[in-house]
file final-v9.cif (mmCIF, C-alpha atoms)
data_input
#
loop_
_atom_site.label_atom_id
_atom_site.label_comp_id
_atom_site.auth_asym_id
_atom_site.auth_seq_id
_atom_site.Cartn_x
_atom_site.Cartn_y
_atom_site.Cartn_z
CA MET A 27 -5.63 -15.03 30.11
CA SER A 28 -3.75 -18.18 31.01
CA PRO A 29 -0.14 -18.61 29.84
CA ARG A 30 -1.28 -21.34 27.46
CA ALA A 31 -3.99 -19.15 25.93
CA ARG A 32 -1.49 -16.30 25.62
CA LEU A 33 0.97 -18.59 23.84
CA THR A 34 -1.77 -19.77 21.49
CA ALA A 35 -2.75 -16.18 20.72
CA VAL A 36 0.86 -15.24 20.00
CA ALA A 37 1.30 -18.28 17.76
CA PHE A 38 -1.94 -17.48 15.93
CA ALA A 39 -0.87 -13.85 15.43
CA ALA A 40 2.52 -15.00 14.11
CA LEU A 41 0.89 -17.42 11.69
CA THR A 42 -1.51 -14.74 10.48
CA LEU A 43 1.42 -12.42 9.93
CA ALA A 44 3.49 -15.05 8.14
CA CYS A 45 0.80 -16.51 5.92
CA GLY A 46 -1.48 -14.91 3.39
CA ASP A 47 -0.68 -13.76 -0.09
CA ILE A 48 -0.75 -10.43 -1.75
CA ALA A 49 -3.73 -10.14 -4.11
CA ALA A 50 -2.72 -9.34 -7.68
CA PRO A 51 -5.00 -7.38 -10.00
CA ALA A 52 -6.68 -9.19 -12.88
CA ARG A 53 -5.32 -8.38 -16.32
CA ASN A 54 -8.51 -8.93 -18.30
CA ASP A 55 -8.63 -5.68 -20.16
CA PHE A 56 -6.19 -5.99 -23.06
CA TYR A 57 -6.45 -5.97 -26.84
CA GLU A 58 -5.18 -8.20 -29.63
CA TRP A 59 -1.46 -7.54 -30.02
CA ARG A 60 -0.66 -10.40 -32.37
CA LEU A 61 -0.03 -9.98 -36.05
CA GLU A 62 -2.19 -11.95 -38.40
CA ALA A 63 -0.50 -12.97 -41.63
CA PRO A 64 -1.46 -15.40 -44.41
CA SER A 65 -0.28 -18.85 -43.43
CA PRO A 66 2.85 -20.00 -45.29
CA THR A 67 0.99 -23.19 -46.20
CA GLY A 68 -1.58 -21.07 -48.00
CA ALA A 69 -4.52 -22.12 -45.87
CA GLY A 70 -5.90 -19.67 -43.34
CA THR A 71 -3.91 -17.18 -41.30
CA ASP A 72 -1.05 -17.39 -38.84
CA THR A 73 -1.15 -15.52 -35.56
CA ILE A 74 2.31 -14.19 -34.81
CA SER A 75 3.28 -13.19 -31.28
CA PHE A 76 6.66 -11.79 -30.37
CA HIS A 77 8.46 -10.48 -27.35
CA TRP A 78 12.14 -9.95 -26.76
CA PRO A 79 13.61 -12.93 -24.93
CA ALA A 80 15.14 -12.25 -21.51
CA GLU A 81 18.60 -13.27 -22.73
CA GLN A 82 18.40 -10.61 -25.47
CA LEU A 83 17.85 -7.76 -23.01
CA PRO A 84 18.59 -4.96 -23.02
CA VAL A 85 17.43 -4.49 -26.60
CA ARG A 86 20.02 -2.45 -28.51
CA ILE A 87 18.49 0.57 -30.22
CA TRP A 88 20.35 2.82 -32.64
CA VAL A 89 18.83 6.27 -33.12
CA GLU A 90 19.59 8.79 -35.83
CA ASP A 91 21.00 11.92 -34.23
CA ALA A 92 18.40 14.28 -35.62
CA ASP A 93 16.22 16.86 -33.91
CA SER A 94 14.86 15.55 -30.63
CA LEU A 95 14.86 11.91 -31.75
CA PRO A 96 17.54 10.57 -29.34
CA ALA A 97 15.83 12.21 -26.35
CA ASP A 98 12.39 11.05 -27.50
CA VAL A 99 13.57 7.46 -27.93
CA THR A 100 15.32 7.46 -24.54
CA ARG A 101 12.08 8.69 -22.98
CA ALA A 102 10.03 6.09 -24.84
CA ILE A 103 12.30 3.27 -23.64
CA GLY A 104 11.84 4.46 -20.05
CA ILE A 105 8.07 4.71 -20.42
CA TRP A 106 7.69 1.15 -21.70
CA ARG A 107 10.28 -0.32 -19.31
CA ASP A 108 8.51 1.30 -16.35
CA GLY A 109 5.26 -0.33 -17.42
CA PHE A 110 6.59 -3.74 -16.49
CA LEU A 111 6.83 -5.10 -12.98
CA TYR A 112 9.27 -7.95 -13.44
CA GLY A 113 12.06 -6.71 -15.71
CA GLU A 114 10.43 -8.14 -18.82
CA TYR A 115 11.72 -5.37 -21.10
CA ASP A 116 14.70 -3.07 -21.20
CA ALA A 117 16.59 -1.32 -23.97
CA THR A 118 19.69 0.74 -24.39
CA ILE A 119 20.89 3.19 -27.01
CA VAL A 120 23.92 1.96 -28.96
CA SER A 121 26.28 3.93 -31.18
CA ASP A 122 26.85 1.28 -33.85
CA SER A 123 23.85 0.66 -36.08
CA ALA A 124 25.44 -2.56 -37.36
CA THR A 125 24.91 -4.21 -33.97
CA ALA A 126 21.48 -2.74 -33.29
CA ASP A 127 18.33 -4.77 -32.79
CA VAL A 128 16.15 -1.76 -33.59
CA ILE A 129 17.02 1.17 -35.85
CA VAL A 130 15.12 4.43 -35.50
CA THR A 131 15.46 7.03 -38.23
CA LEU A 132 13.84 10.34 -39.07
CA GLY A 133 12.13 10.68 -42.41
CA VAL A 134 9.65 9.11 -44.75
CA ALA A 135 9.45 5.33 -44.56
CA PRO A 136 10.67 3.73 -47.78
CA GLY A 137 8.36 1.51 -49.80
CA PRO A 138 7.70 -1.72 -47.94
CA GLN A 139 10.47 -4.28 -48.35
CA LEU A 140 9.57 -7.64 -49.83
CA SER A 141 10.39 -9.46 -46.63
CA ALA A 142 9.01 -6.82 -44.27
CA ILE A 143 5.59 -6.47 -42.77
CA ARG A 144 4.69 -2.86 -42.21
CA LEU A 145 2.74 -2.06 -39.10
CA ARG A 146 0.32 0.64 -40.09
CA SER A 147 1.49 4.16 -39.44
CA ALA A 148 0.35 6.28 -36.60
CA LEU A 149 -1.57 9.14 -38.14
CA ALA A 150 -1.32 12.04 -35.72
CA PRO A 151 -1.87 15.33 -37.57
CA GLN A 152 1.65 16.76 -37.70
CA CYS A 153 3.71 13.62 -38.13
CA THR A 154 3.54 9.93 -38.97
CA GLY A 155 5.39 6.82 -37.99
CA ALA A 156 5.95 3.31 -39.26
CA THR A 157 7.60 0.15 -38.00
CA ASP A 158 8.85 -2.58 -40.30
CA VAL A 159 9.42 -6.09 -39.02
CA SER A 160 11.01 -8.72 -41.23
CA ILE A 161 9.64 -12.18 -40.61
CA SER A 162 10.93 -15.35 -42.24
CA GLU A 163 8.71 -17.00 -44.84
CA ASP A 164 7.84 -19.83 -42.49
CA HIS A 165 6.86 -17.35 -39.77
CA THR A 166 9.32 -18.71 -37.22
CA GLN A 167 12.03 -16.04 -37.21
CA LEU A 168 12.20 -12.29 -36.67
CA LEU A 169 15.05 -11.01 -38.83
CA LEU A 170 16.83 -8.10 -37.21
CA PRO A 171 16.88 -5.20 -37.19
CA VAL A 172 13.39 -3.91 -36.60
CA ARG A 173 13.16 -0.56 -38.40
CA VAL A 174 11.24 2.41 -37.04
CA TYR A 175 10.57 5.52 -39.13
CA ILE A 176 9.41 8.82 -37.69
CA ASP A 177 8.30 11.32 -40.30
CA PRO A 178 7.76 14.91 -39.14
CA SER A 179 5.54 15.62 -42.11
CA SER A 180 4.98 19.24 -41.04
CA ALA A 181 7.44 22.09 -41.44
CA PRO A 182 9.84 22.66 -38.53
CA GLY A 183 8.28 24.97 -35.97
CA THR A 184 4.72 23.82 -36.66
CA PRO A 185 2.77 24.05 -33.41
CA GLY A 186 2.42 20.64 -31.81
CA LEU A 187 5.08 19.01 -33.96
CA GLY A 188 7.39 18.25 -31.03
CA GLU A 189 4.55 16.66 -29.05
CA CYS A 190 3.45 14.68 -32.10
CA VAL A 191 6.94 13.30 -32.68
CA ALA A 192 7.30 12.44 -28.99
CA LEU A 193 4.04 10.47 -28.82
CA THR A 194 4.65 8.82 -32.19
CA VAL A 195 8.06 7.63 -30.97
CA VAL A 196 6.44 6.07 -27.87
CA HIS A 197 3.80 4.47 -30.13
CA GLU A 198 6.38 3.04 -32.57
CA ILE A 199 8.64 1.79 -29.77
CA GLY A 200 5.47 0.09 -28.51
CA HIS A 201 5.37 -1.81 -31.82
CA SER A 202 9.05 -2.66 -31.48
CA ILE A 203 8.54 -4.26 -28.06
CA GLY A 204 6.05 -6.68 -29.61
CA ILE A 205 2.66 -4.97 -29.85
CA PHE A 206 2.27 -5.83 -33.52
CA ASN A 207 -1.29 -4.60 -33.74
CA HIS A 208 -3.30 -1.49 -32.94
CA SER A 209 -5.73 -0.99 -30.12
CA PRO A 210 -9.37 -0.47 -31.15
CA ASN A 211 -9.74 2.10 -28.34
CA ALA A 212 -9.02 5.75 -29.09
CA SER A 213 -7.96 6.31 -25.46
CA ASP A 214 -4.95 3.99 -25.89
CA LEU A 215 -1.53 5.06 -27.07
CA MET A 216 -1.44 2.06 -29.39
CA TYR A 217 -4.59 3.23 -31.20
CA PHE A 218 -3.74 3.66 -34.90
CA ASP A 219 -4.20 7.43 -34.59
CA PRO A 220 -3.11 8.09 -31.02
CA SER A 221 -3.94 11.27 -29.18
CA VAL A 222 -2.73 10.35 -25.70
CA GLU A 223 0.91 10.84 -24.75
CA LEU A 224 1.42 7.83 -22.50
CA PRO A 225 0.42 4.16 -22.50
CA SER A 226 -2.97 3.58 -20.89
CA GLU A 227 -3.73 0.87 -18.34
CA ARG A 228 -4.95 -1.26 -21.26
CA ASP A 229 -1.73 -0.66 -23.24
CA ARG A 230 0.27 -1.66 -20.19
CA ALA A 231 -1.83 -4.74 -19.51
CA THR A 232 -1.47 -5.78 -23.16
CA ALA A 233 2.32 -5.42 -22.97
CA GLU A 234 2.39 -7.37 -19.71
CA VAL A 235 0.31 -10.20 -21.12
CA LEU A 236 2.29 -10.45 -24.35
CA TYR A 237 5.54 -10.83 -22.39
CA HIS A 238 4.10 -13.81 -20.55
CA VAL A 239 2.81 -15.62 -23.61
CA PRO A 240 5.33 -17.75 -25.52
CA SER A 241 6.82 -15.96 -28.50
CA THR A 242 6.24 -17.64 -31.87
CA LEU A 243 9.31 -15.96 -33.36
CA GLU A 244 12.98 -16.60 -32.73
CA VAL A 245 15.26 -13.58 -33.05
CA VAL A 246 17.81 -13.95 -35.86
CA ARG A 247 20.46 -11.59 -37.13
CA PRO A 248 20.83 -12.23 -40.90
CA MET B 15 17.07 22.91 31.94
CA PRO B 16 20.88 23.04 31.50
CA ARG B 17 21.18 21.88 35.13
CA TYR B 18 19.17 18.73 34.36
CA ALA B 19 21.23 18.09 31.27
CA LEU B 20 24.42 18.48 33.29
CA LEU B 21 23.09 16.11 35.94
CA LEU B 22 22.19 13.52 33.30
CA MET B 23 25.63 13.84 31.76
CA LEU B 24 27.31 13.37 35.14
CA LEU B 25 25.15 10.31 35.90
CA PHE B 26 25.93 8.84 32.48
CA ALA B 27 29.64 9.55 32.89
CA GLY B 28 29.58 7.84 36.27
CA ALA B 29 27.70 4.85 34.93
CA ALA B 30 29.58 4.59 31.66
CA PRO B 31 32.51 2.42 32.81
CA ARG B 32 30.11 -0.02 34.48
CA LEU B 33 27.84 -0.08 31.42
CA ARG B 34 30.83 -0.64 29.17
CA ALA B 35 31.89 -3.60 31.28
CA GLN B 36 28.43 -5.17 31.02
CA THR B 37 27.86 -4.44 27.38
CA GLU B 38 28.07 -7.38 25.06
CA TYR B 39 28.61 -6.67 21.38
CA HIS B 40 29.03 -8.93 18.43
CA ALA B 41 29.54 -9.19 14.71
CA ARG B 42 28.70 -12.15 12.49
CA LEU B 43 28.75 -13.16 8.86
CA GLY B 44 26.30 -15.57 7.32
CA ALA B 45 23.59 -16.08 4.78
CA VAL B 46 19.91 -15.28 4.66
CA GLY B 47 17.15 -16.84 2.60
CA ALA B 48 13.56 -15.71 2.22
CA THR B 49 10.22 -16.97 1.00
CA ASP B 50 8.46 -15.37 -1.97
CA LEU B 51 8.12 -11.60 -2.02
CA LEU B 52 4.96 -11.87 -4.06
CA HIS B 53 2.75 -14.09 -6.16
CA ASP B 54 1.18 -12.91 -9.37
CA ALA B 55 -0.71 -14.53 -12.23
CA ILE B 56 -0.48 -12.61 -15.48
CA VAL B 57 -0.93 -15.60 -17.77
CA SER B 58 0.41 -18.37 -15.57
CA GLU B 59 1.50 -18.09 -11.96
CA LEU B 60 4.75 -16.33 -11.26
CA THR B 61 6.61 -15.62 -8.07
CA VAL B 62 9.32 -13.17 -7.09
CA ARG B 63 11.90 -14.19 -4.57
CA GLN B 64 15.22 -12.98 -3.19
CA SER B 65 18.16 -15.28 -3.77
CA ILE B 66 20.07 -16.55 -0.75
CA ALA B 67 22.31 -13.61 0.10
CA PRO B 68 25.38 -12.99 2.24
CA MET B 69 24.57 -11.18 5.45
CA LEU B 70 26.43 -9.10 8.01
CA ALA B 71 25.00 -8.75 11.50
CA VAL B 72 26.18 -6.44 14.26
CA GLY B 73 24.62 -5.86 17.62
CA GLY B 74 24.93 -5.47 21.31
CA SER B 75 23.10 -6.07 24.54
CA LEU B 76 22.86 -4.84 28.11
CA PRO B 77 21.77 -6.75 31.21
CA ILE B 78 18.29 -5.95 32.47
CA GLY B 79 17.86 -8.42 35.31
CA PRO B 80 19.60 -10.83 37.62
CA LYS B 81 18.50 -13.96 35.72
CA GLY B 82 20.63 -13.40 32.64
CA TYR B 83 18.04 -11.46 30.66
CA ARG B 84 19.38 -8.76 28.41
CA ALA B 85 17.98 -6.08 26.12
CA ASN B 86 19.54 -6.22 22.71
CA LEU B 87 19.72 -4.30 19.49
CA GLU B 88 20.81 -6.00 16.31
CA ALA B 89 21.22 -4.72 12.78
CA THR B 90 21.74 -6.81 9.68
CA PHE B 91 22.62 -5.99 6.13
CA SER B 92 22.39 -8.26 3.12
CA SER B 93 22.82 -7.85 -0.59
CA GLY B 94 21.91 -10.25 -3.34
CA GLY B 95 19.87 -10.82 -6.43
CA PHE B 96 16.18 -11.30 -6.79
CA HIS B 97 14.46 -13.20 -9.52
CA ARG B 98 11.14 -14.25 -10.90
CA ASN B 99 10.09 -17.85 -11.34
CA GLU B 100 7.62 -18.57 -14.07
CA ALA B 101 6.75 -21.80 -15.87
CA GLY B 102 9.85 -23.49 -14.49
CA SER B 103 12.31 -20.80 -15.55
CA LYS B 104 14.17 -18.49 -13.22
CA ILE B 105 15.01 -15.00 -14.51
CA ASP B 106 17.18 -12.52 -12.61
CA ILE B 107 15.54 -9.12 -12.31
CA GLY B 108 18.02 -7.12 -10.29
CA THR B 109 19.93 -6.63 -7.09
CA LEU B 110 18.23 -6.06 -3.79
CA ARG B 111 19.74 -4.96 -0.51
CA THR B 112 17.98 -5.25 2.79
CA GLY B 113 18.71 -3.78 6.18
CA THR B 114 17.01 -4.73 9.42
CA LEU B 115 16.99 -3.30 12.90
CA LEU B 116 15.57 -5.36 15.72
CA LEU B 117 15.18 -4.34 19.36
CA GLY B 118 14.52 -7.26 21.65
CA LEU B 119 15.08 -9.40 24.66
CA GLU B 120 17.31 -12.39 25.18
CA GLY B 121 17.87 -14.90 27.89
CA PRO B 122 19.57 -18.14 28.80
CA LEU B 123 18.17 -21.35 27.38
CA TRP B 124 20.44 -24.30 28.07
CA GLN B 125 24.18 -24.48 28.61
CA HIS B 126 25.74 -22.27 25.90
CA PHE B 127 22.44 -21.62 24.15
CA ARG B 128 20.45 -18.41 24.43
CA TRP B 129 17.11 -17.37 22.96
CA ARG B 130 16.17 -13.98 21.64
CA ALA B 131 13.07 -12.26 20.28
CA GLY B 132 12.43 -8.76 19.08
CA LEU B 133 10.53 -6.24 17.03
CA GLY B 134 11.80 -3.76 14.52
CA ALA B 135 11.81 -2.91 10.85
CA ILE B 136 13.17 -4.11 7.54
CA ARG B 137 14.12 -1.75 4.75
CA TYR B 138 14.43 -2.81 1.11
CA PHE B 139 17.03 -0.89 -0.90
CA PRO B 140 16.75 -1.76 -4.59
CA THR B 141 19.84 -0.79 -6.61
CA GLU B 142 17.58 0.47 -9.39
CA LYS B 143 14.16 2.08 -9.28
CA GLN B 144 12.49 -0.37 -11.62
CA GLY B 145 9.70 -2.91 -11.71
CA ILE B 146 8.09 -3.54 -8.33
CA PHE B 147 10.51 -0.98 -6.86
CA LEU B 148 9.80 1.73 -9.42
CA ALA B 149 8.69 4.06 -6.62
CA GLY B 150 11.75 3.15 -4.53
CA GLY B 151 12.37 0.94 -1.53
CA THR B 152 9.98 0.14 1.24
CA THR B 153 10.15 -0.17 5.02
CA ARG B 154 8.10 -2.82 6.79
CA PHE B 155 7.41 -3.82 10.36
CA LEU B 156 9.45 -6.87 11.37
CA ALA B 157 9.16 -9.46 14.13
CA GLY B 158 11.82 -12.03 14.74
CA GLY B 159 13.61 -14.35 17.04
CA GLY B 160 16.35 -16.88 17.18
CA ILE B 161 18.83 -18.95 19.05
CA ASP B 162 22.49 -18.19 19.71
CA TYR B 163 25.19 -20.62 20.63
CA ARG B 164 28.17 -19.04 22.33
CA TYR B 165 31.33 -20.93 22.96
CA PRO B 166 34.20 -19.25 24.83
CA VAL B 167 37.34 -19.16 22.70
CA LEU B 168 39.32 -16.33 24.31
CA PRO B 169 39.24 -14.79 27.78
CA ASN B 170 36.71 -12.13 26.75
CA TRP B 171 35.43 -13.44 23.46
CA ASP B 172 32.94 -16.10 22.43
CA LEU B 173 32.46 -17.81 19.15
CA MET B 174 28.85 -16.98 18.32
CA THR B 175 26.71 -19.10 16.03
CA SER B 176 23.21 -17.89 15.40
CA ALA B 177 20.03 -19.04 13.75
CA ARG B 178 17.37 -16.42 13.14
CA TYR B 179 13.83 -16.34 11.88
CA ASP B 180 11.89 -13.21 11.12
CA LEU B 181 8.72 -12.31 9.30
CA HIS B 182 7.10 -9.28 7.77
CA ARG B 183 4.41 -8.32 5.31
CA PHE B 184 5.82 -7.20 1.97
CA ARG B 185 4.29 -4.52 -0.25
CA THR B 186 5.66 -1.59 -2.24
CA GLY B 187 4.20 1.71 -3.36
CA THR B 188 4.45 0.55 -6.97
CA LEU B 189 2.43 -2.59 -6.26
CA GLU B 190 -0.25 -0.53 -4.54
CA ALA B 191 -0.37 1.88 -7.45
CA ARG B 192 -0.73 -1.04 -9.85
CA GLY B 193 -3.77 -2.44 -8.09
CA PHE B 194 -2.29 -5.05 -5.76
CA SER B 195 -4.11 -5.32 -2.48
CA GLN B 196 -3.14 -6.72 0.90
CA SER B 197 0.47 -7.80 1.33
CA GLN B 198 2.64 -10.87 1.14
CA GLY B 199 3.81 -12.69 4.26
CA VAL B 200 7.57 -13.11 3.94
CA SER B 201 9.59 -15.34 6.24
CA ARG B 202 13.36 -15.15 6.37
CA VAL B 203 15.83 -17.55 7.91
CA SER B 204 19.50 -16.82 8.48
CA LEU B 205 22.50 -18.70 9.76
CA SER B 206 25.62 -16.85 10.78
CA ILE B 207 28.85 -17.17 12.71
CA GLY B 208 31.03 -14.56 14.34
CA LEU B 209 32.56 -13.25 17.52
CA SER B 210 30.95 -11.82 20.58
CA ARG B 211 32.51 -10.03 23.45
CA GLY B 212 31.62 -12.64 26.01
CA ILE B 213 28.84 -12.56 28.54
CA ARG B 214 30.55 -13.60 31.75
#

call {"tool": "encode", "arguments": {"input": "final-v9.cif", "output": "structure tokens"}}
result
Amino acid sequence: MSPRARLTAVAFAALTLACGDIAAPARNDFYEWRLEAPSPTGAGTDTISFHWPAEQLPVRIWVEDADSLPADVTRAIGIWRDGFLYGEYDATIVSDSATADVIVTLGVAPGPQLSAIRLRSALAPQCTGATDVSISEDHTQLLLPVRVYIDPSSAPGTPGLGECVALTVVHEIGHSIGIFNHSPNASDLMYFDPSVELPSERDRATAEVLYHVPSTLEVVRP
Amino acid sequence: MPRYALLLMLLFAGAAPRLRAQTEYHARLGAVGATDLLHDAIVSELTVRQSIAPMLAVGGSLPIGPKGYRANLEATFSSGGFHRNEAGSKIDIGTLRTGTLLLGLEGPLWQHFRWRAGLGAIRYFPTEKQGIFLAGGTTRFLAGGGIDYRYPVLPNWDLMTSARYDLHRFRTGTLEARGFSQSQGVSRVSLSIGLSRGIR
């Protein structure tokens, strides 16, 4: 090989090494995460999409110190945070509920508030959950805090209760990150009656997509 | 076996003063910038890139021939942020440290200029195991080269100004697990200034 050909080969190898992009997977398999609500104008429905803005991260979550709730919420935060590749979501536990963006309590959810939209409860056998989001009448503001209720409807010590509470917490925290709807697939954690413990690929893809679609709600602390 | 070891030690001890006299070593401070670590398209296109970061380089070289050629080893360390760019906005996503080790050759170019080229590795050390580094850092094969300008300022010391270019293919275990294929070509350029124990 002549010196010129060798130089050309080296240059070609260097260019090959330097150029070329990584190939990202397609995120086609996701479900409807947006909340549909009657339009404030009275005609048709509004589609409401929400994700926490980057400047609001980490989301501040206050958790009632009852049973395994603090540990379950900490785990749920980690599970959802680890589902993102680009730091789209993070949350931290705070000690003052007055400054919290999300409040998680143990017990039966109260009757729906006038201003709140209740995301249907998860209906696992031993426990239930609910998430209330307050949205302004014109559907432009999310009024904090988001409230999450975990109801261990079975007696303490019931087999499977701990697992039920743990998966319901992950499901409800999923609502609090912005998945305001349920998956139609029973194999997803965000199915209305979940049986899996962790977010599926579809749950994760849905969360990823929703964090890259503009939010229709602005976060407001009343 | 111990006899051979003893012999090697004696040879090394005998050669050490001469090697020391011929060894050039240097330290520099500068900045390094890189092209995108990856491209993705979730809804619209997004890119992840390291910010321009301060860099420390240390190294040394030994003569290997009569024409001024030397074998060199250089290590660099840099620490800075990395961010994602999407739809015109830039969002910080953490702190990233990188370390490189490059073994190479260098030689005279023109007057006070010298060239160098080498092969080695780059290691990414994320400060937090999150996002694309959820499974931890990654080590990649690295090729690089550059030009040094050495200007004598003291009897045994040169002011050393260096420009470097290196390239590698970026990929992490997390990206592989999440269905990314192939890898991203990443080019890095650095400029630095420091002191070198002069080559005389």

call {"tool": "resolve_selection", "arguments": {"input": "final-v9.cif", "expression": "the PyMOL selection byres ((chain B) within 7 of (chain A))", "output": "JSON list (two decimals) with C-alpha atoms, in the frame of the given file"}}
result
[["chain", "number", "residue", "atom", "x", "y", "z"],
["B", 52, "LEU", "CA", 4.96, -11.87, -4.06],
["B", 53, "HIS", "CA", 2.75, -14.09, -6.16],
["B", 54, "ASP", "CA", 1.18, -12.91, -9.37],
["B", 56, "ILE", "CA", -0.48, -12.61, -15.48],
["B", 57, "VAL", "CA", -0.93, -15.60, -17.77],
["B", 107, "ILE", "CA", 15.54, -9.12, -12.31],
["B", 144, "GLN", "CA", 12.49, -0.37, -11.62],
["B", 145, "GLY", "CA", 9.70, -2.91, -11.71],
["B", 146, "ILE", "CA", 8.09, -3.54, -8.33],
["B", 181, "LEU", "CA", 8.72, -12.31, 9.30],
["B", 182, "HIS", "CA", 7.10, -9.28, 7.77],
["B", 183, "ARG", "CA", 4.41, -8.32, 5.31],
["B", 193, "GLY", "CA", -3.77, -2.44, -8.09],
["B", 194, "PHE", "CA", -2.29, -5.05, -5.76],
["B", 195, "SER", "CA", -4.11, -5.32, -2.48],
["B", 196, "GLN", "CA", -3.14, -6.72, 0.90],
["B", 197, "SER", "CA", 0.47, -7.80, 1.33],
["B", 198, "GLN", "CA", 2.64, -10.87, 1.14],
["B", 199, "GLY", "CA", 3.81, -12.69, 4.26],
["B", 200, "VAL", "CA", 7.57, -13.11, 3.94],
["B", 201, "SER", "CA", 9.59, -15.34, 6.24]]

call {"tool": "resolve_selection", "arguments": {"input": "final-v9.cif", "expression": "the PyMOL selection byres ((chain B and resi 93-101) around 7)", "output": "PyMOL selection string"}}
result
chain B and resi 59-65+67-68+91-92+102-112

call {"tool": "atom_distance", "arguments": {"input": "final-v9.cif", "atom1": "CA of Leu76 (chain B)", "atom2": "CA of Tyr138 (chain B)"}}
result
28.4 Å

call {"tool": "resolve_selection", "arguments": {"input": "final-v9.cif", "expression": "the PyMOL selection byres ((chain B and resi 156) around 7)", "output": "list in words"}}
result
Leu133, Gly134, Ala135, Ile136, Arg154, Phe155, Ala157, Gly158, Asp180, Leu181 and His182 of chain B

call {"tool": "closest_residue", "arguments": {"input": "final-v9.cif", "among": "A:His165, A:Arg30, A:His197, A:Arg230", "to": "Val99 (chain A)", "atoms": "all atoms listed in the file"}}
result
A:His197

call {"tool": "atom_distance", "arguments": {"input": "final-v9.cif", "atom1": "CA of Ser123 (chain A)", "atom2": "CA of His201 (chain A)"}}
result
19.1 Å

call {"tool": "residues_around", "arguments": {"input": "final-v9.cif", "residues": "region 120-124 of chain B", "least_positions_apart": "3", "cutoff": "10 Å", "atoms": "all atoms listed in the file", "output": "short mmCIF file (atom, residue, chain, number, x, y, z; two decimals) with C-alpha atoms, in the frame of the given file"}}
result
data_model
loop_
_atom_site.label_atom_id
_atom_site.label_comp_id
_atom_site.auth_asym_id
_atom_site.auth_seq_id
_atom_site.Cartn_x
_atom_site.Cartn_y
_atom_site.Cartn_z
CA SER B 75 23.10 -6.07 24.54
CA LEU B 76 22.86 -4.84 28.11
CA PRO B 77 21.77 -6.75 31.21
CA ILE B 78 18.29 -5.95 32.47
CA GLY B 79 17.86 -8.42 35.31
CA LYS B 81 18.50 -13.96 35.72
CA GLY B 82 20.63 -13.40 32.64
CA TYR B 83 18.04 -11.46 30.66
CA ARG B 84 19.38 -8.76 28.41
CA ALA B 85 17.98 -6.08 26.12
CA ASN B 86 19.54 -6.22 22.71
CA PHE B 127 22.44 -21.62 24.15
CA ARG B 128 20.45 -18.41 24.43
CA TRP B 129 17.11 -17.37 22.96
CA ARG B 130 16.17 -13.98 21.64
CA ALA B 131 13.07 -12.26 20.28
CA GLY B 132 12.43 -8.76 19.08
CA GLY B 159 13.61 -14.35 17.04
CA GLY B 160 16.35 -16.88 17.18
CA ILE B 161 18.83 -18.95 19.05
CA ASP B 162 22.49 -18.19 19.71
CA TYR B 163 25.19 -20.62 20.63
#

call {"tool": "closest_residue", "arguments": {"input": "final-v9.cif", "among": "A:Ser180, A:Glu223, A:Leu170, A:Ile203", "to": "Leu83 (chain A)", "atoms": "all atoms listed in the file"}}
result
A:Ile203

call {"tool": "closest_residue", "arguments": {"input": "final-v9.cif", "among": "A:Asp229, A:Glu58, A:Asp72, A:Asp98", "to": "Glu189 (chain A)", "atoms": "all atoms listed in the file"}}
result
A:Asp98

call {"tool": "residues_near_point", "arguments": {"input": "final-v9.cif", "point": "(6.7, -19.0, -29.0)", "cutoff": "9 Å", "atoms": "only C-alpha atoms", "output": "PyMOL selection string"}}
result
chain A and resi 74-77+166+239-244

call {"tool": "residues_near_point", "arguments": {"input": "final-v9.cif", "point": "(25.5, -17.2, 10.7)", "cutoff": "8 Å", "atoms": "all atoms listed in the file", "output": "PyMOL selection string"}}
result
chain B and resi 42-45+175-177+204-208

call {"tool": "atom_distance", "arguments": {"input": "final-v9.cif", "atom1": "CA of Gly187 (chain B)", "atom2": "CA of Asp50 (chain B)"}}
result
17.7 Å

call {"tool": "residues_around", "arguments": {"input": "final-v9.cif", "residues": "His208 (chain A)", "least_positions_apart": "3", "cutoff": "12 Å", "atoms": "only C-alpha atoms", "output": "ChimeraX atom specification"}}
result
/A:56-62,145-149,197-198,200-201,204-205,211-220,228-229,232

call {"tool": "decode", "arguments": {"input": "final-v9.cif", "residues": "region 48-53 of chain A", "atoms": "N, CA and C atoms", "output": "compact mmCIF listing (two decimals), in the first residue's frame"}}
result
# COMPACT_ATOMS: atom_id res chain seq x y z
N ILE A 48 -25.92 7.37 17.02
CA ILE A 48 -26.57 6.28 17.74
C ILE A 48 -28.01 6.19 17.22
N ALA A 49 -28.56 4.99 17.19
CA ALA A 49 -29.93 4.82 16.70
C ALA A 49 -30.87 4.64 17.89
N ALA A 50 -31.77 5.60 18.05
CA ALA A 50 -32.70 5.58 19.19
C ALA A 50 -33.90 4.69 18.88
N PRO A 51 -34.46 4.06 19.91
CA PRO A 51 -35.64 3.22 19.67
C PRO A 51 -36.86 4.09 19.40
N ALA A 52 -37.81 3.54 18.66
CA ALA A 52 -39.05 4.28 18.42
C ALA A 52 -39.95 4.16 19.65
N ARG A 53 -40.60 5.25 19.98
CA ARG A 53 -41.56 5.20 21.10
C ARG A 53 -42.97 5.29 20.51
